[in-house]
>>> print(open('final.tsv').read())   # TSV, C-alpha atoms
chain	number	residue	atom	x	y	z
A	170	MET	CA	5.50	-0.84	18.97
A	171	SER	CA	8.28	-2.72	17.18
A	172	LYS	CA	9.38	-1.53	13.76
A	173	THR	CA	8.11	-4.70	12.08
A	174	SER	CA	4.67	-4.42	13.73
A	175	PHE	CA	4.48	-0.73	12.78
A	176	ASN	CA	5.36	-1.47	9.14
A	177	LEU	CA	2.85	-4.34	8.95
A	178	LEU	CA	0.12	-2.08	10.33
A	179	ARG	CA	1.15	0.77	8.01
A	180	VAL	CA	1.10	-1.35	4.83
A	181	GLY	CA	-2.14	-3.08	5.88
A	182	MET	CA	-3.86	0.25	6.45
A	183	ALA	CA	-2.44	1.57	3.16
A	184	ILE	CA	-3.96	-1.31	1.20
A	185	THR	CA	-7.30	-0.88	3.03
A	186	PHE	CA	-7.52	2.84	2.27
A	187	LEU	CA	-6.37	2.43	-1.34
A	188	TRP	CA	-8.81	-0.38	-2.14
A	189	ILE	CA	-11.76	1.33	-0.41
A	190	GLY	CA	-10.97	4.48	-2.43
A	191	ILE	CA	-11.00	2.45	-5.65
A	192	MET	CA	-14.25	0.70	-4.65
A	193	ILE	CA	-15.92	4.08	-3.97
A	194	LEU	CA	-14.68	5.40	-7.35
A	195	LYS	CA	-16.35	2.39	-9.04
A	196	SER	CA	-19.80	3.11	-7.62
A	197	PRO	CA	-19.91	6.37	-5.64
A	198	GLU	CA	-23.72	6.50	-5.48
A	199	SER	CA	-24.10	3.09	-3.81
A	200	TRP	CA	-21.44	3.99	-1.22
A	201	GLY	CA	-23.33	7.24	-0.63
A	202	GLY	CA	-26.23	5.06	0.49
A	203	TYR	CA	-24.39	4.45	3.76
A	204	LEU	CA	-24.91	8.09	4.72
A	205	GLN	CA	-27.74	8.85	7.15
A	206	PRO	CA	-30.41	11.10	5.49
A	207	TRP	CA	-29.66	13.97	7.92
A	208	ALA	CA	-25.95	13.82	6.98
A	209	ALA	CA	-26.67	13.66	3.24
A	210	GLY	CA	-28.82	16.77	3.63
A	211	LEU	CA	-25.88	18.69	5.09
A	212	LEU	CA	-23.64	18.12	2.05
A	213	PRO	CA	-22.79	21.35	0.18
A	214	VAL	CA	-22.17	19.37	-3.05
A	215	PRO	CA	-24.09	16.54	-4.79
A	216	LEU	CA	-23.70	13.14	-3.10
A	217	LYS	CA	-21.79	11.63	-6.05
A	218	GLU	CA	-19.21	14.44	-6.03
A	219	ALA	CA	-18.83	14.19	-2.25
A	220	MET	CA	-18.19	10.45	-2.51
A	221	ILE	CA	-15.64	10.94	-5.32
A	222	GLY	CA	-13.89	13.48	-3.05
A	223	THR	CA	-13.91	10.90	-0.24
A	224	ALA	CA	-12.43	8.30	-2.60
A	225	ILE	CA	-9.62	10.66	-3.63
A	226	LEU	CA	-8.90	11.42	0.05
A	227	ASP	CA	-8.82	7.68	0.86
A	228	ILE	CA	-6.42	7.01	-2.04
A	229	ALA	CA	-4.16	9.92	-1.03
A	230	ILE	CA	-4.00	8.64	2.58
A	231	GLY	CA	-3.30	5.12	1.29
A	232	ILE	CA	-0.42	6.34	-0.89
A	233	LEU	CA	1.15	8.26	2.03
A	234	PHE	CA	0.89	5.18	4.28
A	235	LEU	CA	2.29	2.93	1.56
A	236	VAL	CA	5.39	5.01	0.78
A	237	ASP	CA	5.97	5.77	4.50
A	238	PHE	CA	5.81	9.54	3.99
A	239	MET	CA	4.11	12.08	6.30
A	240	ILE	CA	2.55	9.26	8.33
A	241	TRP	CA	1.62	11.49	11.26
A	242	PRO	CA	-0.54	13.99	9.29
A	243	ALA	CA	-1.97	11.18	7.15
A	244	ALA	CA	-2.91	9.16	10.26
A	245	LEU	CA	-4.43	12.26	11.90
A	246	ILE	CA	-6.55	13.04	8.81
A	247	SER	CA	-7.60	9.40	8.45
A	248	SER	CA	-8.60	9.25	12.14
A	249	ILE	CA	-10.76	12.39	11.75
A	250	HIS	CA	-12.14	10.92	8.51
A	251	LEU	CA	-13.11	7.68	10.29
A	252	ILE	CA	-14.73	9.59	13.19
A	253	VAL	CA	-16.81	11.47	10.58
A	254	ILE	CA	-17.73	8.15	8.90
A	255	LEU	CA	-18.78	6.66	12.27
A	256	THR	CA	-20.90	9.76	12.94
A	257	VAL	CA	-22.65	10.04	9.57
A	258	SER	CA	-23.23	6.34	8.89
A	259	GLY	CA	-24.91	5.54	12.19
A	260	ILE	CA	-24.76	2.18	13.97
A	261	THR	CA	-24.78	-0.61	11.40
A	262	ASP	CA	-23.37	-4.13	10.99
A	263	ILE	CA	-20.04	-2.69	9.84
A	264	THR	CA	-19.61	-0.10	12.61
A	265	VAL	CA	-17.33	-2.45	14.54
A	266	ARG	CA	-14.98	-2.66	11.53
A	267	ASP	CA	-14.69	1.13	11.38
A	268	ILE	CA	-13.90	1.19	15.12
A	269	GLY	CA	-11.06	-1.26	14.43
A	270	LEU	CA	-9.77	0.90	11.58
A	271	LEU	CA	-9.98	4.02	13.77
A	272	THR	CA	-7.90	2.45	16.54
A	273	ALA	CA	-5.35	1.32	13.94
A	274	THR	CA	-4.97	4.84	12.49
A	275	LEU	CA	-4.75	6.27	16.02
A	276	ALA	CA	-1.98	3.76	16.79
A	277	LEU	CA	-0.10	4.86	13.66
A	278	MET	CA	-0.54	8.53	14.60
A	279	ILE	CA	0.62	8.08	18.21
A	280	GLU	CA	3.64	6.05	17.06
A	281	THR	CA	4.78	8.77	14.65
A	282	LEU	CA	4.04	11.91	16.69
A	283	PRO	CA	6.87	14.43	16.32
A	284	PRO	CA	9.17	14.48	19.41
A	285	SER	CA	8.45	18.20	19.99
A	286	PHE	CA	4.74	17.41	20.21
A	287	VAL	CA	5.29	14.48	22.57
A	288	GLN	CA	7.40	16.72	24.83
A	289	ILE	CA	4.35	18.90	25.59
A	290	PHE	CA	2.50	15.94	27.08
A	291	LYS	CA	5.45	14.55	29.03
A	292	LYS	CA	5.09	14.95	32.73
A	293	THR	CA	7.62	17.33	34.27
A	294	LYS	CA	9.38	16.13	37.37
A	295	PRO	CA	7.84	17.80	40.44
A	296	GLU	CA	10.17	20.20	42.16
A	297	THR	CA	11.47	19.04	45.51
A	298	LEU	CA	11.64	21.36	48.48
B	197	MET	CA	-13.44	-8.83	-8.02
B	198	THR	CA	-11.53	-11.15	-5.65
B	199	SER	CA	-8.67	-11.76	-8.09
B	200	LEU	CA	-8.36	-8.02	-8.81
B	201	ALA	CA	-8.36	-7.21	-5.09
B	202	LEU	CA	-5.62	-9.80	-4.52
B	203	LEU	CA	-3.59	-8.54	-7.48
B	204	PHE	CA	-3.90	-4.98	-6.18
B	205	THR	CA	-2.87	-6.06	-2.67
B	206	LEU	CA	0.23	-7.82	-4.00
B	207	SER	CA	1.13	-4.82	-6.17
B	208	ALA	CA	0.78	-2.53	-3.15
B	209	ILE	CA	3.04	-4.82	-1.09
B	210	GLY	CA	5.54	-4.65	-3.96
B	211	ILE	CA	5.39	-0.84	-3.96
B	212	SER	CA	6.10	-0.70	-0.22
B	213	GLU	CA	9.04	-3.14	-0.60
B	214	THR	CA	10.66	-1.25	-3.46
B	215	VAL	CA	10.12	2.16	-1.85
B	216	TYR	CA	11.86	0.80	1.28
B	217	LEU	CA	14.83	-0.42	-0.80
B	218	ILE	CA	15.06	2.88	-2.72
B	219	LYS	CA	14.98	4.89	0.53
B	220	LYS	CA	17.72	2.71	2.05
B	221	ARG	CA	19.88	3.02	-1.08
B	222	LEU	CA	19.50	6.82	-1.22
B	223	ALA	CA	20.33	7.06	2.49
B	224	MET	CA	23.32	4.76	1.87
B	225	GLN	CA	22.11	2.37	4.58
B	226	ALA	CA	22.00	-1.41	4.45
B	227	PRO	CA	18.46	-2.80	4.35
B	228	GLN	CA	17.28	-5.19	7.08
B	229	CYS	CA	18.07	-8.71	5.93
B	230	PHE	CA	15.67	-11.00	7.81
B	231	ILE	CA	16.78	-14.27	6.18
B	232	GLY	CA	20.39	-14.80	5.06
B	233	LYS	CA	23.03	-12.10	5.01
B	234	GLY	CA	23.45	-11.47	1.33
B	235	CYS	CA	21.14	-8.48	0.83
B	236	THR	CA	23.92	-5.89	0.58
B	237	GLN	CA	26.06	-8.19	-1.58
B	238	VAL	CA	23.22	-8.69	-4.06
B	239	LEU	CA	21.91	-5.12	-4.00
B	240	GLU	CA	25.39	-3.64	-4.53
B	241	SER	CA	26.48	-6.13	-7.20
B	242	GLU	CA	27.02	-5.22	-10.84
B	243	TRP	CA	23.63	-6.87	-11.52
B	244	SER	CA	21.73	-4.34	-9.42
B	245	ARG	CA	21.04	-2.28	-12.55
B	246	VAL	CA	19.31	-3.09	-15.81
B	247	PHE	CA	21.17	-0.81	-18.26
B	248	ILE	CA	21.21	2.40	-16.20
B	249	ILE	CA	18.06	1.80	-14.15
B	250	HIS	CA	18.36	0.37	-10.64
B	251	THR	CA	16.33	-2.82	-10.24
B	252	ASP	CA	14.48	-1.33	-7.23
B	253	VAL	CA	13.27	1.57	-9.43
B	254	LEU	CA	12.36	-0.89	-12.19
B	255	GLY	CA	10.40	-2.93	-9.62
B	256	LEU	CA	8.62	0.17	-8.33
B	257	LEU	CA	7.59	1.16	-11.87
B	258	PHE	CA	6.36	-2.40	-12.49
B	259	TYR	CA	4.24	-2.46	-9.33
B	260	ILE	CA	2.82	1.04	-9.94
B	261	PHE	CA	1.93	-0.09	-13.47
B	262	THR	CA	0.24	-3.33	-12.35
B	263	SER	CA	-1.64	-1.65	-9.48
B	264	SER	CA	-2.90	1.07	-11.85
B	265	ILE	CA	-4.03	-1.47	-14.48
B	266	THR	CA	-5.77	-3.53	-11.77
B	267	ALA	CA	-7.56	-0.42	-10.48
B	268	PHE	CA	-8.61	0.54	-14.04
B	269	LEU	CA	-9.89	-2.99	-14.67
B	270	TYR	CA	-11.91	-2.92	-11.44
B	271	ILE	CA	-13.39	0.55	-11.93
B	272	GLY	CA	-14.06	-0.16	-15.61
B	273	ILE	CA	-11.90	2.58	-17.12
B	274	GLY	CA	-10.73	1.72	-20.63
B	275	PRO	CA	-11.33	-1.42	-22.69
B	276	PHE	CA	-11.29	-4.58	-20.54
B	277	LEU	CA	-9.69	-7.08	-22.94
B	278	PRO	CA	-6.62	-5.05	-24.02
B	279	LEU	CA	-5.96	-3.96	-20.41
B	280	SER	CA	-6.32	-7.53	-19.20
B	281	MET	CA	-3.89	-8.67	-21.93
B	282	ILE	CA	-1.38	-5.95	-21.00
B	283	MET	CA	-1.60	-7.04	-17.36
B	284	LYS	CA	-0.92	-10.68	-18.26
B	285	LEU	CA	2.02	-9.70	-20.47
B	286	ALA	CA	3.49	-7.45	-17.76
B	287	VAL	CA	3.23	-10.15	-15.08
B	288	GLY	CA	4.63	-12.75	-17.52
B	289	LEU	CA	7.61	-10.50	-18.25
B	290	GLY	CA	8.03	-9.86	-14.51
B	291	MET	CA	8.08	-13.62	-13.88
B	292	LEU	CA	10.74	-14.15	-16.55
B	293	LEU	CA	12.91	-11.39	-15.05
B	294	SER	CA	12.39	-12.85	-11.58
B	295	ILE	CA	13.61	-16.26	-12.79
B	296	PHE	CA	16.68	-14.55	-14.28
B	297	PHE	CA	17.39	-12.69	-11.00
B	298	PHE	CA	16.86	-15.92	-9.04
B	299	TYR	CA	19.45	-17.63	-11.26
B	300	LEU	CA	21.87	-14.71	-10.79
B	301	GLN	CA	21.62	-14.93	-6.99
B	302	TRP	CA	21.99	-18.69	-7.02
B	303	LYS	CA	24.79	-19.25	-9.56
B	304	VAL	CA	26.52	-15.93	-10.27
B	305	ILE	CA	26.46	-13.75	-7.12
B	306	LYS	CA	26.14	-16.80	-4.84
B	307	ALA	CA	24.22	-14.87	-2.19
B	308	TRP	CA	20.54	-14.60	-1.36
B	309	CYS	CA	18.72	-11.31	-0.93
B	310	PHE	CA	15.56	-11.52	1.21
B	311	TRP	CA	13.88	-8.53	-0.47
B	312	CYS	CA	14.64	-9.80	-3.99
B	313	LEU	CA	13.20	-13.22	-3.15
B	314	MET	CA	10.14	-11.59	-1.59
B	315	SER	CA	9.61	-9.51	-4.73
B	316	ALA	CA	9.98	-12.64	-6.89
B	317	SER	CA	7.43	-14.45	-4.69
B	318	THR	CA	5.05	-11.48	-5.02
B	319	ILE	CA	5.29	-11.58	-8.82
B	320	PHE	CA	4.86	-15.39	-8.92
B	321	LEU	CA	1.79	-15.13	-6.69
B	322	MET	CA	0.39	-12.53	-9.10
B	323	GLY	CA	1.02	-14.95	-11.97
B	324	LEU	CA	-0.67	-17.76	-10.05
B	325	ILE	CA	-3.74	-15.59	-9.34
B	326	LEU	CA	-3.98	-14.61	-13.02
B	327	LEU	CA	-3.68	-18.28	-14.02
B	328	ILE	CA	-6.32	-19.47	-11.52
B	329	SER	CA	-8.74	-16.63	-12.35
B	330	ASN	CA	-8.52	-17.61	-16.04
B	331	PHE	CA	-9.59	-21.17	-15.33
B	332	PHE	CA	-12.35	-20.55	-12.74
>>> encode(input="final.tsv", output="structure tokens")
Amino acid sequence: MSKTSFNLLRVGMAITFLWIGIMILKSPESWGGYLQPWAAGLLPVPLKEAMIGTAILDIAIGILFLVDFMIWPAALISSIHLIVILTVSGITDITVRDIGLLTATLALMIETLPPSFVQIFKKTKPETL
Amino acid sequence: MTSLALLFTLSAIGISETVYLIKKRLAMQAPQCFIGKGCTQVLESEWSRVFIIHTDVLGLLFYIFTSSITAFLYIGIGPFLPLSMIMKLAVGLGMLLSIFFFYLQWKVIKAWCFWCLMSASTIFLMGLILLISNFF
């Protein structure tokens, strides 16, 4: 990925996460309505508090993306976060959007993986006889 | 909601621009200059500070301020009218400063800085959104 494409994706994802966080803070209960009943029942805290926690997490991820700091951990957490959202919200009209967001955060994570981590997955040259 | 979302988006773009410039300055590296070649000339000129504050830091503070006010206005924290007034005043002041910096680049430094022009465009777009949202 070119540096310009990476930065465009990073800033775009930052704005998305920040604004979604702010939208959830405005009306946490209505956003909680997206949760499937079985998932809402698993929450250890009241739905409103859980949604406020989600909003704070979204805003924190957005800030990290925006200032280009700790992108790899932020992208990893946001990918896990989006997988959880896809699981607990079920298949709806907006599922396809979350899939798009998930692939974008995965792209950011793969692009910023630490070299030492990448080395583990690099194929070693087979030994010749 | 639309105007606040747009204002927040522009403020966030401004934050990313100014953070990039601050990082480059602290690392003593020249920023990428996509259009023209005067970025370094402008950013290292005697006009790159307002009193003792670097203009990139001033810009960052401005954008953090406007994004926070926009978020407060959207969520409904604090009184709407005074916050809205503060926002308009801040953007108005930002526009005036942008005109001054535009003049400096054009007539005094005689070089164009891509990032400074982009920041000025961001602030003018914010002003335009505020103006349009007041009428419609």
>>> interface_residues(input="final.tsv", of="chain B", to="chain A", cutoff="12 Å", atoms="only C-alpha atoms", output="compact mmCIF listing (two decimals) with C-alpha atoms, keeping the file's coordinate frame")
# COMPACT_ATOMS: atom_id res chain seq x y z
CA MET B 197 -13.44 -8.83 -8.02
CA THR B 198 -11.53 -11.15 -5.65
CA LEU B 200 -8.36 -8.02 -8.81
CA ALA B 201 -8.36 -7.21 -5.09
CA LEU B 202 -5.62 -9.80 -4.52
CA LEU B 203 -3.59 -8.54 -7.48
CA PHE B 204 -3.90 -4.98 -6.18
CA THR B 205 -2.87 -6.06 -2.67
CA LEU B 206 0.23 -7.82 -4.00
CA SER B 207 1.13 -4.82 -6.17
CA ALA B 208 0.78 -2.53 -3.15
CA ILE B 209 3.04 -4.82 -1.09
CA GLY B 210 5.54 -4.65 -3.96
CA ILE B 211 5.39 -0.84 -3.96
CA SER B 212 6.10 -0.70 -0.22
CA GLU B 213 9.04 -3.14 -0.60
CA THR B 214 10.66 -1.25 -3.46
CA VAL B 215 10.12 2.16 -1.85
CA TYR B 216 11.86 0.80 1.28
CA LEU B 217 14.83 -0.42 -0.80
CA ILE B 218 15.06 2.88 -2.72
CA LYS B 219 14.98 4.89 0.53
CA GLN B 228 17.28 -5.19 7.08
CA PHE B 230 15.67 -11.00 7.81
CA LEU B 256 8.62 0.17 -8.33
CA ILE B 260 2.82 1.04 -9.94
CA SER B 263 -1.64 -1.65 -9.48
CA SER B 264 -2.90 1.07 -11.85
CA ILE B 265 -4.03 -1.47 -14.48
CA THR B 266 -5.77 -3.53 -11.77
CA ALA B 267 -7.56 -0.42 -10.48
CA PHE B 268 -8.61 0.54 -14.04
CA LEU B 269 -9.89 -2.99 -14.67
CA TYR B 270 -11.91 -2.92 -11.44
CA ILE B 271 -13.39 0.55 -11.93
CA GLY B 272 -14.06 -0.16 -15.61
CA ILE B 273 -11.90 2.58 -17.12
>>> atom_distance(input="final.tsv", atom1="CA of Ala226 (chain B)", atom2="CA of Ile240 (chain A)")
22.5 Å
>>> residues_around(input="final.tsv", residues="region 244-257 of chain A", least_positions_apart="6", cutoff="6 Å", atoms="all atoms listed in the file", output="ChimeraX atom specification")
/A:204-205,208,271,274,278
>>> residues_around(input="final.tsv", residues="Leu282 (chain A)", least_positions_apart="2", cutoff="6 Å", atoms="all atoms listed in the file", output="compact mmCIF listing (two decimals) with C-alpha atoms, keeping the file's coordinate frame")
# COMPACT_ATOMS: atom_id res chain seq x y z
CA TRP A 241 1.62 11.49 11.26
CA ILE A 279 0.62 8.08 18.21
CA GLU A 280 3.64 6.05 17.06
>>> residues_near_point(input="final.tsv", point="(25.3, -15.7, -1.2)", cutoff="10 Å", atoms="all atoms listed in the file", output="ChimeraX atom specification")
/B:232-235,237-238,301-309
>>> write_last_selection(input="final.tsv", atoms="C-alpha atoms", output="short mmCIF file (atom, residue, chain, number, x, y, z; two decimals), in the frame of the given file")
data_model
loop_
_atom_site.label_atom_id
_atom_site.label_comp_id
_atom_site.auth_asym_id
_atom_site.auth_seq_id
_atom_site.Cartn_x
_atom_site.Cartn_y
_atom_site.Cartn_z
CA GLY B 232 20.39 -14.80 5.06
CA LYS B 233 23.03 -12.10 5.01
CA GLY B 234 23.45 -11.47 1.33
CA CYS B 235 21.14 -8.48 0.83
CA GLN B 237 26.06 -8.19 -1.58
CA VAL B 238 23.22 -8.69 -4.06
CA GLN B 301 21.62 -14.93 -6.99
CA TRP B 302 21.99 -18.69 -7.02
CA LYS B 303 24.79 -19.25 -9.56
CA VAL B 304 26.52 -15.93 -10.27
CA ILE B 305 26.46 -13.75 -7.12
CA LYS B 306 26.14 -16.80 -4.84
CA ALA B 307 24.22 -14.87 -2.19
CA TRP B 308 20.54 -14.60 -1.36
CA CYS B 309 18.72 -11.31 -0.93
#
>>> atom_distance(input="final.tsv", atom1="CA of Ile328 (chain B)", atom2="CA of Ser199 (chain B)")
8.8 Å
>>> atom_distance(input="final.tsv", atom1="CA of Leu321 (chain B)", atom2="CA of Thr236 (chain B)")
25.1 Å
>>> closest_residue(input="final.tsv", among="B:Tyr299, B:Phe261, B:Trp311, B:Trp243", to="Leu279 (chain B)", atoms="all atoms listed in the file")
B:Phe261
>>> axis_aligned_box(input="final.tsv", around="region 205-209 of chain A", padding_each_side="4 Å", output="lines of an AutoDock Vina configuration file")
center_x = -28.2
center_y = 11.4
center_z = 5.6
size_x = 12.5
size_y = 13.1
size_z = 12.7
>>> residues_around(input="final.tsv", residues="Ser317 (chain B)", least_positions_apart="5", cutoff="9 Å", atoms="all atoms listed in the file", output="JSON, numbers by chain")
{"B": [294, 312, 322]}
>>> build_atoms(input="final.tsv", residues="region 250-281 of chain B", atoms="N, CA and C atoms", output="compact mmCIF listing (two decimals), in the frame of the given file")
# COMPACT_ATOMS: atom_id res chain seq x y z
N HIS B 250 18.25 1.27 -11.78
CA HIS B 250 18.36 0.37 -10.64
C HIS B 250 17.17 -0.58 -10.63
N THR B 251 17.41 -1.82 -10.22
CA THR B 251 16.33 -2.82 -10.24
C THR B 251 15.20 -2.45 -9.27
N ASP B 252 15.55 -1.73 -8.16
CA ASP B 252 14.48 -1.33 -7.23
C ASP B 252 13.53 -0.31 -7.90
N VAL B 253 14.11 0.58 -8.71
CA VAL B 253 13.27 1.57 -9.43
C VAL B 253 12.43 0.85 -10.49
N LEU B 254 13.07 -0.10 -11.17
CA LEU B 254 12.36 -0.89 -12.19
C LEU B 254 11.19 -1.64 -11.55
N GLY B 255 11.45 -2.21 -10.36
CA GLY B 255 10.40 -2.93 -9.62
C GLY B 255 9.28 -2.00 -9.22
N LEU B 256 9.65 -0.81 -8.74
CA LEU B 256 8.62 0.17 -8.33
C LEU B 256 7.73 0.54 -9.51
N LEU B 257 8.37 0.80 -10.67
CA LEU B 257 7.59 1.16 -11.87
C LEU B 257 6.66 0.01 -12.27
N PHE B 258 7.17 -1.22 -12.16
CA PHE B 258 6.36 -2.40 -12.49
C PHE B 258 5.13 -2.48 -11.59
N TYR B 259 5.36 -2.33 -10.28
CA TYR B 259 4.24 -2.46 -9.33
C TYR B 259 3.24 -1.31 -9.47
N ILE B 260 3.75 -0.09 -9.73
CA ILE B 260 2.82 1.04 -9.94
C ILE B 260 1.97 0.75 -11.18
N PHE B 261 2.63 0.23 -12.23
CA PHE B 261 1.93 -0.09 -13.47
C PHE B 261 0.84 -1.15 -13.23
N THR B 262 1.21 -2.25 -12.55
CA THR B 262 0.24 -3.33 -12.35
C THR B 262 -0.90 -2.90 -11.41
N SER B 263 -0.57 -2.10 -10.38
CA SER B 263 -1.64 -1.65 -9.48
C SER B 263 -2.60 -0.71 -10.22
N SER B 264 -2.04 0.15 -11.08
CA SER B 264 -2.90 1.07 -11.85
C SER B 264 -3.81 0.30 -12.80
N ILE B 265 -3.22 -0.67 -13.52
CA ILE B 265 -4.03 -1.47 -14.48
C ILE B 265 -5.13 -2.22 -13.73
N THR B 266 -4.77 -2.79 -12.55
CA THR B 266 -5.77 -3.53 -11.77
C THR B 266 -6.91 -2.61 -11.35
N ALA B 267 -6.54 -1.39 -10.90
CA ALA B 267 -7.56 -0.42 -10.48
C ALA B 267 -8.45 -0.05 -11.67
N PHE B 268 -7.83 0.18 -12.84
CA PHE B 268 -8.61 0.54 -14.04
C PHE B 268 -9.56 -0.60 -14.42
N LEU B 269 -9.05 -1.83 -14.33
CA LEU B 269 -9.89 -2.99 -14.67
C LEU B 269 -11.08 -3.09 -13.72
N TYR B 270 -10.83 -2.81 -12.44
CA TYR B 270 -11.91 -2.92 -11.44
C TYR B 270 -12.95 -1.82 -11.62
N ILE B 271 -12.45 -0.58 -11.80
CA ILE B 271 -13.39 0.55 -11.93
C ILE B 271 -14.13 0.48 -13.28
N GLY B 272 -13.43 -0.07 -14.29
CA GLY B 272 -14.06 -0.16 -15.61
C GLY B 272 -13.64 0.98 -16.51
N ILE B 273 -12.43 1.51 -16.25
CA ILE B 273 -11.90 2.58 -17.12
C ILE B 273 -11.13 1.89 -18.25
N GLY B 274 -11.44 2.28 -19.48
CA GLY B 274 -10.73 1.72 -20.63
C GLY B 274 -11.28 0.37 -21.04
N PRO B 275 -10.82 -0.13 -22.19
CA PRO B 275 -11.33 -1.42 -22.69
C PRO B 275 -10.79 -2.57 -21.84
N PHE B 276 -11.67 -3.50 -21.47
CA PHE B 276 -11.29 -4.58 -20.54
C PHE B 276 -10.26 -5.54 -21.15
N LEU B 277 -10.56 -6.03 -22.37
CA LEU B 277 -9.69 -7.08 -22.94
C LEU B 277 -8.25 -6.63 -23.18
N PRO B 278 -8.02 -5.47 -23.84
CA PRO B 278 -6.62 -5.05 -24.02
C PRO B 278 -5.90 -4.82 -22.69
N LEU B 279 -6.59 -4.21 -21.72
CA LEU B 279 -5.96 -3.96 -20.41
C LEU B 279 -5.61 -5.27 -19.72
N SER B 280 -6.54 -6.22 -19.80
CA SER B 280 -6.32 -7.53 -19.20
C SER B 280 -5.12 -8.22 -19.85
N MET B 281 -5.01 -8.07 -21.17
CA MET B 281 -3.89 -8.67 -21.93
C MET B 281 -2.57 -8.01 -21.52
